[in-house]
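Content type PDB, C-alpha atoms and all ligand atoms, from the file structure-v7.pdb:
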```pdb
MODEL        1
ATOM      1  CA  MET A   1       0.000   0.000   0.000
ATOM      2  CA  SER A   2       1.151   3.519  -0.660
ATOM      3  CA  ALA A   3      -0.518   6.071   1.578
ATOM      4  CA  GLN A   4      -2.541   8.954   0.211
ATOM      5  CA  ARG A   5      -1.163  12.347   1.124
ATOM      6  CA  LEU A   6      -3.001  14.210   3.905
ATOM      7  CA  ASP A   7      -2.157  17.439   2.146
ATOM      8  CA  GLY A   8      -2.176  20.239   4.697
ATOM      9  CA  LYS A   9      -1.122  22.791   2.123
ATOM     10  CA  ALA A  10      -4.092  22.042  -0.114
ATOM     11  CA  CYS A  11      -6.515  21.935   2.809
ATOM     12  CA  ALA A  12      -5.110  25.213   4.203
ATOM     13  CA  GLY A  13      -5.623  26.740   0.748
ATOM     14  CA  GLU A  14      -9.312  25.863   0.949
ATOM     15  CA  VAL A  15      -9.578  27.354   4.460
ATOM     16  CA  GLU A  16      -7.862  30.544   3.246
ATOM     17  CA  ALA A  17     -10.191  30.829   0.238
ATOM     18  CA  GLU A  18     -13.174  30.643   2.559
ATOM     19  CA  LEU A  19     -11.639  33.204   4.931
ATOM     20  CA  ALA A  20     -11.047  35.672   2.083
ATOM     21  CA  GLY A  21     -14.822  36.093   1.687
ATOM     22  CA  ARG A  22     -15.354  36.576   5.417
ATOM     23  CA  ILE A  23     -12.533  39.127   5.611
ATOM     24  CA  ALA A  24     -14.070  41.055   2.683
ATOM     25  CA  VAL A  25     -17.414  41.211   4.549
ATOM     26  CA  LEU A  26     -15.688  42.483   7.700
ATOM     27  CA  ARG A  27     -13.811  45.132   5.726
ATOM     28  CA  GLU A  28     -17.049  46.319   4.082
ATOM     29  CA  ARG A  29     -18.350  46.862   7.581
ATOM     30  CA  GLY A  30     -15.276  48.867   8.569
ATOM     31  CA  VAL A  31     -13.447  46.151  10.488
ATOM     32  CA  GLU A  32      -9.889  45.061   9.731
ATOM     33  CA  PRO A  33      -9.128  41.786  11.538
ATOM     34  CA  HIS A  34      -6.006  42.374  13.609
ATOM     35  CA  LEU A  35      -3.652  39.863  15.248
ATOM     36  CA  ALA A  36      -0.792  40.630  17.663
ATOM     37  CA  VAL A  37       2.050  38.148  18.015
ATOM     38  CA  ILE A  38       4.525  38.371  20.895
ATOM     39  CA  ILE A  39       7.792  36.471  20.660
ATOM     40  CA  VAL A  40      10.499  36.517  23.316
ATOM     41  CA  GLY A  41      14.050  35.308  22.681
ATOM     42  CA  ASP A  42      15.964  34.128  19.654
ATOM     43  CA  ASP A  43      14.879  30.531  19.086
ATOM     44  CA  PRO A  44      15.310  30.253  15.287
ATOM     45  CA  ALA A  45      12.427  27.795  14.762
ATOM     46  CA  SER A  46      10.013  30.017  16.717
ATOM     47  CA  HIS A  47      11.025  33.018  14.621
ATOM     48  CA  VAL A  48      10.378  31.019  11.441
ATOM     49  CA  TYR A  49       6.872  30.111  12.695
ATOM     50  CA  VAL A  50       6.072  33.662  13.752
ATOM     51  CA  ASN A  51       7.317  35.134  10.463
ATOM     52  CA  SER A  52       5.171  32.673   8.619
ATOM     53  CA  LYS A  53       2.109  33.683  10.689
ATOM     54  CA  VAL A  54       2.774  37.370   9.974
ATOM     55  CA  LYS A  55       3.267  36.675   6.240
ATOM     56  CA  THR A  56       0.000  34.741   6.046
ATOM     57  CA  CYS A  57      -1.802  37.654   7.732
ATOM     58  CA  ALA A  58      -0.444  40.009   5.054
ATOM     59  CA  ARG A  59      -1.512  37.669   2.258
ATOM     60  CA  LEU A  60      -5.064  37.457   3.594
ATOM     61  CA  GLY A  61      -5.545  41.123   4.478
ATOM     62  CA  ILE A  62      -5.337  40.594   8.233
ATOM     63  CA  ARG A  63      -3.448  43.358  10.012
ATOM     64  CA  SER A  64      -0.651  42.130  12.265
ATOM     65  CA  THR A  65       1.413  43.604  15.071
ATOM     66  CA  HIS A  66       4.685  41.770  15.629
ATOM     67  CA  ILE A  67       6.289  42.343  19.036
ATOM     68  CA  SER A  68       9.760  40.791  19.294
ATOM     69  CA  LEU A  69      11.512  41.034  22.674
ATOM     70  CA  PRO A  70      15.002  39.932  23.771
ATOM     71  CA  THR A  71      15.531  36.784  25.883
ATOM     72  CA  ASN A  72      16.365  38.749  29.043
ATOM     73  CA  THR A  73      13.056  40.659  28.988
ATOM     74  CA  GLU A  74      11.362  40.700  32.396
ATOM     75  CA  GLU A  75       8.047  38.891  32.656
ATOM     76  CA  ALA A  76       6.411  42.136  33.815
ATOM     77  CA  VAL A  77       7.152  43.682  30.415
ATOM     78  CA  VAL A  78       5.319  40.872  28.604
ATOM     79  CA  ARG A  79       2.492  41.230  31.111
ATOM     80  CA  GLU A  80       2.186  44.954  30.313
ATOM     81  CA  HIS A  81       2.120  44.230  26.585
ATOM     82  CA  ILE A  82      -0.697  41.707  27.047
ATOM     83  CA  LEU A  83      -2.764  44.062  29.211
ATOM     84  CA  SER A  84      -2.320  46.886  26.735
ATOM     85  CA  LEU A  85      -3.320  44.618  23.791
ATOM     86  CA  ASN A  86      -6.362  43.416  25.781
ATOM     87  CA  ALA A  87      -7.493  47.038  26.046
ATOM     88  CA  GLN A  88      -7.047  47.816  22.340
ATOM     89  CA  ASP A  89     -10.500  47.850  20.696
ATOM     90  CA  ASP A  90      -9.202  47.492  17.140
ATOM     91  CA  LEU A  91      -7.248  44.318  17.971
ATOM     92  CA  HIS A  92      -8.947  40.922  17.916
ATOM     93  CA  GLY A  93      -6.310  38.262  18.566
ATOM     94  CA  ILE A  94      -3.285  37.909  20.855
ATOM     95  CA  LEU A  95      -0.734  35.107  20.551
ATOM     96  CA  VAL A  96       2.323  34.602  22.755
ATOM     97  CA  GLN A  97       4.666  32.249  20.937
ATOM     98  CA  SER A  98       5.676  29.182  22.946
ATOM     99  CA  PRO A  99       8.171  28.296  24.333
ATOM    100  CA  LEU A 100       8.991  31.385  26.385
ATOM    101  CA  PRO A 101      12.397  31.733  28.077
ATOM    102  CA  LYS A 102      12.723  29.597  31.233
ATOM    103  CA  HIS A 103      12.450  32.521  33.648
ATOM    104  CA  MET A 104       8.881  33.216  32.526
ATOM    105  CA  ASP A 105       5.661  31.618  33.727
ATOM    106  CA  GLU A 106       3.948  30.786  30.448
ATOM    107  CA  GLU A 107       0.684  29.704  32.054
ATOM    108  CA  ALA A 108       0.386  32.832  34.182
ATOM    109  CA  LEU A 109       0.864  34.963  31.063
ATOM    110  CA  THR A 110      -1.708  32.945  29.116
ATOM    111  CA  ASP A 111      -4.184  33.478  31.974
ATOM    112  CA  LEU A 112      -3.897  37.259  31.406
ATOM    113  CA  ILE A 113      -5.061  37.171  27.792
ATOM    114  CA  ASN A 114      -8.689  38.205  27.355
ATOM    115  CA  PRO A 115     -10.337  34.829  26.497
ATOM    116  CA  SER A 116     -12.211  36.381  23.577
ATOM    117  CA  LYS A 117      -8.835  37.430  22.067
ATOM    118  CA  ASP A 118      -7.162  34.098  22.889
ATOM    119  CA  VAL A 119      -6.746  32.909  19.297
ATOM    120  CA  ASP A 120      -4.415  30.124  20.494
ATOM    121  CA  GLY A 121      -7.251  28.626  22.556
ATOM    122  CA  PHE A 122      -4.882  28.073  25.493
ATOM    123  CA  HIS A 123      -6.675  30.196  28.109
ATOM    124  CA  PRO A 124      -8.231  28.003  30.855
ATOM    125  CA  GLN A 125     -11.664  29.352  29.930
ATOM    126  CA  ASN A 126     -11.300  28.164  26.333
ATOM    127  CA  LEU A 127      -9.649  24.838  27.232
ATOM    128  CA  GLY A 128     -12.313  24.383  29.945
ATOM    129  CA  ARG A 129     -15.089  24.822  27.390
ATOM    130  CA  LEU A 130     -13.438  22.133  25.280
ATOM    131  CA  VAL A 131     -13.338  19.763  28.273
ATOM    132  CA  GLN A 132     -17.073  20.420  28.696
ATOM    133  CA  GLY A 133     -17.571  19.232  25.116
ATOM    134  CA  ARG A 134     -18.275  22.722  23.771
ATOM    135  CA  THR A 135     -16.340  22.829  20.516
ATOM    136  CA  ASP A 136     -17.734  26.170  19.329
ATOM    137  CA  GLY A 137     -15.180  28.326  21.192
ATOM    138  CA  MET A 138     -11.592  29.293  20.385
ATOM    139  CA  LEU A 139      -9.943  25.916  19.727
ATOM    140  CA  PRO A 140      -6.166  25.327  19.812
ATOM    141  CA  CYS A 141      -4.902  25.723  16.254
ATOM    142  CA  THR A 142      -2.836  22.574  15.703
ATOM    143  CA  PRO A 143      -5.465  20.114  17.010
ATOM    144  CA  SER A 144      -8.296  21.870  15.170
ATOM    145  CA  GLY A 145      -6.111  21.850  12.038
ATOM    146  CA  VAL A 146      -5.673  18.088  12.420
ATOM    147  CA  MET A 147      -9.450  17.658  12.698
ATOM    148  CA  ARG A 148     -10.031  19.843   9.640
ATOM    149  CA  MET A 149      -7.537  17.799   7.621
ATOM    150  CA  LEU A 150      -9.234  14.545   8.637
ATOM    151  CA  ARG A 151     -12.581  15.999   7.543
ATOM    152  CA  TRP A 152     -11.009  17.161   4.264
ATOM    153  CA  ALA A 153      -9.892  13.549   3.623
ATOM    154  CA  ARG A 154     -13.387  12.328   4.625
ATOM    155  CA  VAL A 155     -11.940  10.078   7.332
ATOM    156  CA  ASP A 156     -14.782   8.532   9.306
ATOM    157  CA  LEU A 157     -13.906   8.736  13.004
ATOM    158  CA  GLU A 158     -17.105   7.402  14.552
ATOM    159  CA  GLY A 159     -16.383   4.429  16.792
ATOM    160  CA  LYS A 160     -12.814   4.212  15.500
ATOM    161  CA  ARG A 161      -9.789   3.739  17.743
ATOM    162  CA  ALA A 162      -7.573   6.803  17.860
ATOM    163  CA  VAL A 163      -4.201   6.961  19.575
ATOM    164  CA  VAL A 164      -2.670  10.335  20.398
ATOM    165  CA  LEU A 165       1.055  10.201  21.111
ATOM    166  CA  GLY A 166       1.904  13.051  23.490
ATOM    167  CA  ARG A 167      -0.065  14.844  26.192
ATOM    168  CA  SER A 168       0.928  18.468  25.731
ATOM    169  CA  ARG A 169      -1.325  21.420  26.471
ATOM    170  CA  ILE A 170      -0.750  22.710  22.922
ATOM    171  CA  VAL A 171      -1.438  19.551  20.919
ATOM    172  CA  GLY A 172      -1.863  16.144  22.589
ATOM    173  CA  MET A 173      -4.544  16.784  25.208
ATOM    174  CA  PRO A 174      -6.761  19.076  23.101
ATOM    175  CA  ALA A 175      -6.395  16.711  20.110
ATOM    176  CA  ALA A 176      -7.601  13.824  22.299
ATOM    177  CA  LEU A 177     -10.605  15.886  23.456
ATOM    178  CA  LEU A 178     -11.540  16.861  19.905
ATOM    179  CA  LEU A 179     -11.281  13.289  18.631
ATOM    180  CA  ALA A 180     -13.512  12.055  21.474
ATOM    181  CA  ALA A 181     -16.013  14.954  21.258
ATOM    182  CA  LYS A 182     -19.591  14.397  20.136
ATOM    183  CA  GLY A 183     -19.707  14.535  16.358
ATOM    184  CA  ALA A 184     -16.199  13.087  15.985
ATOM    185  CA  ASP A 185     -16.923  10.136  18.292
ATOM    186  CA  ALA A 186     -13.601   8.290  18.215
ATOM    187  CA  THR A 187     -12.444   6.121  21.126
ATOM    188  CA  VAL A 188      -9.222   7.742  22.243
ATOM    189  CA  THR A 189      -6.088   6.566  24.041
ATOM    190  CA  VAL A 190      -3.385   9.037  25.041
ATOM    191  CA  VAL A 191       0.108   7.552  25.008
ATOM    192  CA  HIS A 192       2.885   9.436  26.804
ATOM    193  CA  SER A 193       6.434   9.136  28.084
ATOM    194  CA  ARG A 194       5.415   6.853  30.968
ATOM    195  CA  THR A 195       3.317   4.486  28.825
ATOM    196  CA  GLY A 196       4.773   0.999  28.990
ATOM    197  CA  ASP A 197       4.166  -0.343  25.537
ATOM    198  CA  ALA A 198       3.414   2.494  23.158
ATOM    199  CA  GLU A 199       4.067   0.353  20.082
ATOM    200  CA  SER A 200       1.478  -2.337  20.812
ATOM    201  CA  ILE A 201      -1.164   0.257  21.749
ATOM    202  CA  CYS A 202      -0.479   2.068  18.513
ATOM    203  CA  GLN A 203      -0.829  -1.154  16.519
ATOM    204  CA  GLU A 204      -4.524  -1.233  17.495
ATOM    205  CA  ALA A 205      -5.195   2.259  16.191
ATOM    206  CA  ASP A 206      -7.257   3.225  13.155
ATOM    207  CA  ILE A 207      -6.040   6.800  13.565
ATOM    208  CA  VAL A 208      -2.657   7.854  14.966
ATOM    209  CA  VAL A 209      -1.797  11.456  15.841
ATOM    210  CA  ALA A 210       1.912  11.727  16.656
ATOM    211  CA  ALA A 211       2.916  14.808  18.668
ATOM    212  CA  VAL A 212       5.971  13.878  20.705
ATOM    213  CA  GLY A 213       8.815  15.872  19.127
ATOM    214  CA  ARG A 214      11.058  12.851  18.468
ATOM    215  CA  PRO A 215      12.191  12.430  14.871
ATOM    216  CA  ASN A 216      10.966   9.264  13.125
ATOM    217  CA  MET A 217       9.874   7.631  16.405
ATOM    218  CA  VAL A 218       6.821   5.970  14.880
ATOM    219  CA  THR A 219       8.015   3.280  12.480
ATOM    220  CA  ALA A 220       6.058   0.983  10.157
ATOM    221  CA  SER A 221       5.914  -1.812  12.768
ATOM    222  CA  TRP A 222       3.756   0.463  14.989
ATOM    223  CA  ILE A 223       1.080   0.905  12.350
ATOM    224  CA  LYS A 224      -1.941  -1.218  11.471
ATOM    225  CA  PRO A 225      -2.334  -1.618   7.688
ATOM    226  CA  GLY A 226      -4.811   0.970   6.415
ATOM    227  CA  ALA A 227      -4.482   3.317   9.406
ATOM    228  CA  VAL A 228      -4.651   7.104   9.080
ATOM    229  CA  VAL A 229      -1.478   8.736  10.410
ATOM    230  CA  VAL A 230      -1.147  12.423  11.231
ATOM    231  CA  ASP A 231       2.393  13.620  11.879
ATOM    232  CA  VAL A 232       2.492  16.738  14.071
ATOM    233  CA  GLY A 233       6.258  16.585  14.654
ATOM    234  CA  ILE A 234       8.490  19.290  13.190
ATOM    235  CA  ASN A 235      12.031  18.327  14.201
ATOM    236  CA  ARG A 236      15.323  19.670  12.894
ATOM    237  CA  VAL A 237      17.757  16.853  12.140
ATOM    238  CA  GLU A 238      21.331  17.180  10.957
ATOM    239  CA  ASP A 239      21.770  16.608   7.245
ATOM    240  CA  ASP A 240      25.188  17.309   5.756
ATOM    241  CA  SER A 241      23.860  16.803   2.239
ATOM    242  CA  ARG A 242      21.917  20.080   2.617
ATOM    243  CA  GLU A 243      23.702  23.372   2.301
ATOM    244  CA  ARG A 244      22.191  24.621   5.578
ATOM    245  CA  GLY A 245      23.235  21.409   7.361
ATOM    246  CA  TRP A 246      19.766  20.326   8.511
ATOM    247  CA  ARG A 247      16.348  19.252   7.310
ATOM    248  CA  LEU A 248      12.928  18.858   8.868
ATOM    249  CA  ALA A 249      11.750  15.433  10.027
ATOM    250  CA  GLY A 250       8.417  14.461  11.510
ATOM    251  CA  ASP A 251       7.727  12.130  14.436
ATOM    252  CA  VAL A 252       6.743   9.479  11.876
ATOM    253  CA  ASP A 253       9.211   7.534   9.758
ATOM    254  CA  PRO A 254       8.343   8.054   6.066
ATOM    255  CA  ASN A 255       8.319   4.229   5.629
ATOM    256  CA  VAL A 256       4.954   4.286   7.423
ATOM    257  CA  GLY A 257       3.624   5.410   4.034
ATOM    258  CA  GLU A 258       3.976   1.797   2.861
ATOM    259  CA  LYS A 259       1.404   0.629   5.415
ATOM    260  CA  ALA A 260      -0.932   3.531   6.148
ATOM    261  CA  ALA A 261      -3.957   4.547   4.078
ATOM    262  CA  TRP A 262      -3.261   8.249   4.702
ATOM    263  CA  LEU A 263      -0.141  10.018   5.959
ATOM    264  CA  SER A 264       0.495  13.729   6.456
ATOM    265  CA  PRO A 265       3.857  14.937   5.112
ATOM    266  CA  VAL A 266       6.436  17.047   6.965
ATOM    267  CA  PRO A 267       6.694  19.777   5.843
ATOM    268  CA  GLY A 268       3.374  20.519   4.124
ATOM    269  CA  GLY A 269       1.033  18.675   6.481
ATOM    270  CA  VAL A 270      -0.010  19.944   9.883
ATOM    271  CA  GLY A 271       2.216  23.082   9.746
ATOM    272  CA  PRO A 272       0.168  25.002   7.159
ATOM    273  CA  MET A 273      -3.037  23.900   8.917
ATOM    274  CA  THR A 274      -1.926  25.374  12.251
ATOM    275  CA  ILE A 275      -1.478  28.747  10.588
ATOM    276  CA  ALA A 276      -4.755  28.494   8.664
ATOM    277  CA  MET A 277      -6.665  27.775  11.873
ATOM    278  CA  LEU A 278      -4.953  30.706  13.600
ATOM    279  CA  MET A 279      -6.200  32.928  10.786
ATOM    280  CA  GLU A 280      -9.672  31.459  11.167
ATOM    281  CA  ASN A 281      -9.698  32.089  14.934
ATOM    282  CA  THR A 282      -8.614  35.694  14.325
ATOM    283  CA  VAL A 283     -11.363  36.276  11.764
ATOM    284  CA  ARG A 284     -13.865  34.662  14.107
ATOM    285  CA  ALA A 285     -12.773  36.861  17.006
ATOM    286  CA  ALA A 286     -13.257  39.932  14.768
ATOM    287  CA  GLU A 287     -16.729  38.741  13.690
ATOM    288  CA  ILE A 288     -17.788  38.110  17.295
ATOM    289  CA  ALA A 289     -16.465  41.540  18.386
ATOM    290  CA  LEU A 290     -18.417  43.210  15.568
ATOM    291  CA  THR A 291     -21.641  41.400  16.458
ATOM    292  CA  ALA A 292     -21.186  42.409  20.115
ATOM    293  CA  ASP A 293     -20.679  46.069  19.046
ATOM    294  CA  GLU A 294     -23.821  46.031  16.914
ATOM    295  CA  LYS A 295     -26.048  44.779  19.752
ATOM    296  CA  PRO A 296     -28.328  47.578  20.987
TER     297      PRO A 296
HETATM  298  N1  LIG B 301       4.577  26.963  19.614
HETATM  299  C1  LIG B 301       4.379  25.846  18.873
HETATM  300  N2  LIG B 301       3.097  25.788  18.443
HETATM  301  C2  LIG B 301       2.473  26.901  18.933
HETATM  302  C3  LIG B 301       1.143  27.385  18.825
HETATM  303  O1  LIG B 301       0.251  26.804  18.202
HETATM  304  N3  LIG B 301       0.914  28.564  19.478
HETATM  305  C4  LIG B 301       1.873  29.217  20.185
HETATM  306  N4  LIG B 301       1.534  30.342  20.806
HETATM  307  N5  LIG B 301       3.111  28.772  20.302
HETATM  308  C5  LIG B 301       3.411  27.619  19.672
ENDMDL
END
```
Show how you would write the structure in this file as structure tokens.
Ligand code: GUN
Amino acid sequence: MSAQRLDGKACAGEVEAELAGRIAVLRERGVEPHLAVIIVGDDPASHVYVNSKVKTCARLGIRSTHISLPTNTEEAVVREHILSLNAQDDLHGILVQSPLPKHMDEEALTDLINPSKDVDGFHPQNLGRLVQGRTDGMLPCTPSGVMRMLRWARVDLEGKRAVVLGRSRIVGMPAALLLAAKGADATVTVVHSRTGDAESICQEADIVVAAVGRPNMVTASWIKPGAVVVDVGINRVEDDSRERGWRLAGDVDPNVGEKAAWLSPVPGGVGPMTIAMLMENTVRAAEIALTADEKP
């Protein structure tokens, strides 16, 4: 078997085309969707992600404010930025790029973001709604991008066994909640670093979402023939054959493509979807703000 490509780039293109119409409607009504991105430090990968978010905003006609701060910035400075962005009426989304430098309390800063501007969906109010089974709020971008890609490929999740590898706040846990939510209806197992036999659990899965940050960890022997495999990993691995000395590798060994029915590529899979869903959350936040303004 040779897996079909879960093409995040194509799916993101469809999301963007749909957003273009919604952005045009907002603009006609005098609203320019506006996203602020805060990045602290000089992690090269994080800067690549943030630049790509800002570039996508420009392409779609979403205004962006890019706040880049040095590693030794005090947490209080980031706090002040967040509070000031919360108070800005013409700004609809706030994102603080993760990871922050070690001296900062990422959760405490996330708690400060106005939940209606929390386009990352990481605020406890938004994650709490998801735990309650309410999937109509601000959803974390990578997991909702995974769900959108599965829908795009018409993967039937109802009653299927899904295994999520990784239990992070950003991907693993919200992905598990979305897969198990009413309407998706998969039966979900979360595998993590203390799981005894990840491989045999994975072998039972109809759907595998790998989000562990370990290059090529999931090999063909882990995968049931015909499974759907979503690779969330974006790892830099040394590669002397490339001029820059590295290349990107997912958490899933490309040989899995010989066994799976669908496999998302890295790059070009989940990455573009994360950005597309961030754009969608920003547009949604602008629409909700406009509706609230128009209420008598
Ligand atoms: N770092 C890696 N992924 C993400 C994401 O989706 N949002 C933020 N804020 N930081 C990240």
(request) Apply the PyMOL selection byres (((chain A and resi 147) around 10) and not hetatm) to the structure shown and report the selected residues as a list in words. (result)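 So the PyMOL selection byres (((chain A and resi 147) around 10) and not hetatm), applied here, picks out Cys141, Thr142, Pro143, Ser144, Gly145, Val146, Arg148, Met149, Leu150, Arg151, Trp152, Ala153, Val155, Leu157, Ala175, Leu178, Leu179, Ala184, Val230 and Met273 of chain A.
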(request) Go ahead and compute the interatomic distance for CA of Ile201 (chain A) and CA of Gly250 (chain A), in Å to one decimal. (result) 20.0 Å
Give me, as a tab-separated table, the closest atom pair and its distance (Å, one decimal) for every residue of chain A within a cut-off of 7 Å of ligand LIG 301 (chain B), counting only C-alpha atoms and all ligand atoms, rows sorted by chain and rising number.
```
residue	atom	partner	partner_atom	distance
A:Ser46	CA	B:LIG301	N1	6.9
A:Leu95	CA	B:LIG301	N4	5.3
A:Val96	CA	B:LIG301	N4	4.8
A:Gln97	CA	B:LIG301	N4	3.7
A:Ser98	CA	B:LIG301	N5	3.7
A:Pro99	CA	B:LIG301	N1	6.1
A:Asp120	CA	B:LIG301	N3	5.6
A:Pro140	CA	B:LIG301	O1	6.8
A:Cys141	CA	B:LIG301	O1	5.6
A:Thr142	CA	B:LIG301	O1	5.8
A:Ile170	CA	B:LIG301	O1	6.3
A:Thr274	CA	B:LIG301	O1	6.5
```
Residues from last step as file, C-alpha atoms, as a CSV table (one decimal), in the frame of the given file:
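Result file is again_20.csv:
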```
chain,number,residue,atom,x,y,z
A,46,SER,CA,10.0,30.0,16.7
A,95,LEU,CA,-0.7,35.1,20.6
A,96,VAL,CA,2.3,34.6,22.8
A,97,GLN,CA,4.7,32.2,20.9
A,98,SER,CA,5.7,29.2,22.9
A,99,PRO,CA,8.2,28.3,24.3
A,120,ASP,CA,-4.4,30.1,20.5
A,140,PRO,CA,-6.2,25.3,19.8
A,141,CYS,CA,-4.9,25.7,16.3
A,142,THR,CA,-2.8,22.6,15.7
A,170,ILE,CA,-0.8,22.7,22.9
A,274,THR,CA,-1.9,25.4,12.3
```
If we count all atoms listed in the file, what is near region 52-66 of chain A at a cut-off of 6 Å, once residues fewer than 2 positions away on the same chain are taken out, given as a PDB file with C-alpha atoms, keeping the file's coordinate frame?
```pdb
ATOM      1  CA  PRO A  33      -9.128  41.786  11.538  1.00  0.00           C
ATOM      2  CA  HIS A  34      -6.006  42.374  13.609  1.00  0.00           C
ATOM      3  CA  LEU A  35      -3.652  39.863  15.248  1.00  0.00           C
ATOM      4  CA  ALA A  36      -0.792  40.630  17.663  1.00  0.00           C
ATOM      5  CA  VAL A  37       2.050  38.148  18.015  1.00  0.00           C
ATOM      6  CA  TYR A  49       6.872  30.111  12.695  1.00  0.00           C
ATOM      7  CA  VAL A  50       6.072  33.662  13.752  1.00  0.00           C
TER       8      VAL A  50
END
```
(request) Using only C-alpha atoms, determine which residues lie at most 9 Å from region 15-30 of chain A, disregarding the query and same-chain residues fewer than 4 positions distant; provide the list as an MDAnalysis selection string. (result) chainID A and resid 10:11 60:62 273 276:277 279:280 283 286:287 290
What's around Arg247 (chain A) at 8 Å? Count all atoms listed in the file, leave out sequence neighbours fewer than 4 positions away in its own chain, and write the answer as a PDB file with C-alpha atoms, in the frame of the given file.
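Listing of around03.pdb after writing:
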```pdb
ATOM      1  CA  ARG A 236      15.323  19.670  12.894  1.00  0.00           C
ATOM      2  CA  VAL A 237      17.757  16.853  12.140  1.00  0.00           C
ATOM      3  CA  GLU A 238      21.331  17.180  10.957  1.00  0.00           C
ATOM      4  CA  ASP A 239      21.770  16.608   7.245  1.00  0.00           C
ATOM      5  CA  ARG A 242      21.917  20.080   2.617  1.00  0.00           C
TER       6      ARG A 242
END
```
(message) Could you list, as a PyMOL selection string, every residue within 8 Å of Gly8 (chain A), counting all atoms listed in the file and ignoring same-chain residues fewer than 6 positions away?
(response) chain A and resi 149+264+268-273
(message) Could you list, as a VMD selection string, every residue within 10 Å of Leu100 (chain A), counting all atoms listed in the file and ignoring same-chain residues fewer than 4 positions away?
(response) chain A and resid 38 to 41 43 46 71 75 96 104 to 106
(request) Calculate how many Å separate CA of Ala12 (chain A) from CA of Val163 (chain A), rounding to one decimal. (result)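 So the answer is 23.9 Å.
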(request) Would you please work out which residue, of A:Arg79, A:Ser68, A:Ile113, A:Met138, is nearest to Leu278 (chain A) when using only C-alpha atoms? (result) A:Met138
